[in-house]
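Chemist: One structure, pasted below without further comment.
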Amino acid sequence: SKLTITISCIIKDIYIEKQDIVTFLVVVISTIFVPTASTKWAILAPIIVPVFMQNSFTAEYAQAVFRAGNSAVMGISPLFSSKETPFTA
């Protein structure tokens with residue numbers, strides 16, 4: 001879609017040193033709209049991983065940046081964090 005192409009172009013055009021920060025912010029902002037990590041990863045992985053690999057970062061590093069951004073927001077709201085835990089009271 002146009003949105004994925006636009007996000008990919010924005011992330012790719014940013015300097016390598018700031019690419020992980022921008023990806024972190026994209027994940028943080030998308031967490032507000034898509035609170036589950038697996039759905040968000042399914043949407044963002046086809047964008048994030050190829051862009052990181054083009055700049056000689058590994059796919060594992062892309063996932064680590066994704067998880068850091070996701071967990072930073074999940075701790076803020078109890079509503080978001082309760083959707084991630086399989087055992088709810």
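Ligands are numbered from 1 in the order shown, chains are lettered A, B, ... in the order of the structure tokens, and residues start at 1 in each chain.
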Skipping near chain neighbours, those fewer than 5 positions away, what residues fall within 9 Å of range 53-65 of chain A using only C-alpha atoms, listed as a list of chain:residue names?

Modeler: A:Lys12, A:Ile16, A:Asp20, A:Ile21, A:Thr23, A:Phe24, A:Val27, A:Trp41, A:Ala45, A:Ile48, A:Asn70

Chemist: Dump C-alpha atoms for the selected residues as a compact mmCIF listing (two decimals), in the first residue's frame?

Modeler:
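See out-v5.txt below for the written result:
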# COMPACT_ATOMS: atom_id res chain seq x y z
CA LYS A 12 15.56 4.41 4.20
CA ILE A 16 22.08 5.07 9.42
CA ASP A 20 16.88 2.82 14.70
CA ILE A 21 15.53 5.85 16.59
CA THR A 23 11.96 2.94 13.73
CA PHE A 24 11.57 2.99 17.51
CA VAL A 27 6.67 1.37 16.61
CA TRP A 41 5.07 -7.17 13.76
CA ALA A 45 8.24 -6.47 9.57
CA ILE A 48 11.54 -2.66 8.82
CA ASN A 70 6.76 -2.04 21.84

Chemist: Taking only range 11-57 of chain A into account, list the residues labelled alpha helix (DSSP H) by DSSP (computed from the backbone), as a VMD selection string.

Modeler: chain A and resid 11 to 13 16 to 33 37 to 54

Chemist: Provide the CA of Asp13 in chain A to CA of Ala42 in chain A distance in Å, to one decimal place.

Modeler: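 It comes out at 22.7 Å.
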
Chemist: So, counting only C-alpha atoms, which residue among A:Ile76, A:Val26, A:Ile5, A:Ile10 is closest to Lys40 in chain A?

Modeler: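 For Lys40 in chain A, the nearest of the given residues is A:Val26.
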
Chemist: Between A:Val34, A:Val51, A:Ile43, A:Val28, which is the closest to Gly75 in chain A once you count only C-alpha atoms?

Modeler: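 Among A:Val34, A:Val51, A:Ile43, A:Val28, it is A:Val28 that comes nearest to Gly75 in chain A.
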
Chemist: Identify which of the residues A:Ile32, A:Cys9, A:Lys2, A:Val49 lies closest to Phe66 in chain A, counting only C-alpha atoms when measuring atom-to-atom distances.

Modeler: A:Val49

Chemist: What gap, in Å, lies between CA of Lys18 in chain A and CA of Phe33 in chain A?

Modeler: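 It comes out at 23.7 Å.
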
Chemist: Quick check, in Å to one decimal: how far apart do CA of Leu25 in chain A and CA of Ala37 in chain A lie?

Modeler: 14.8 Å
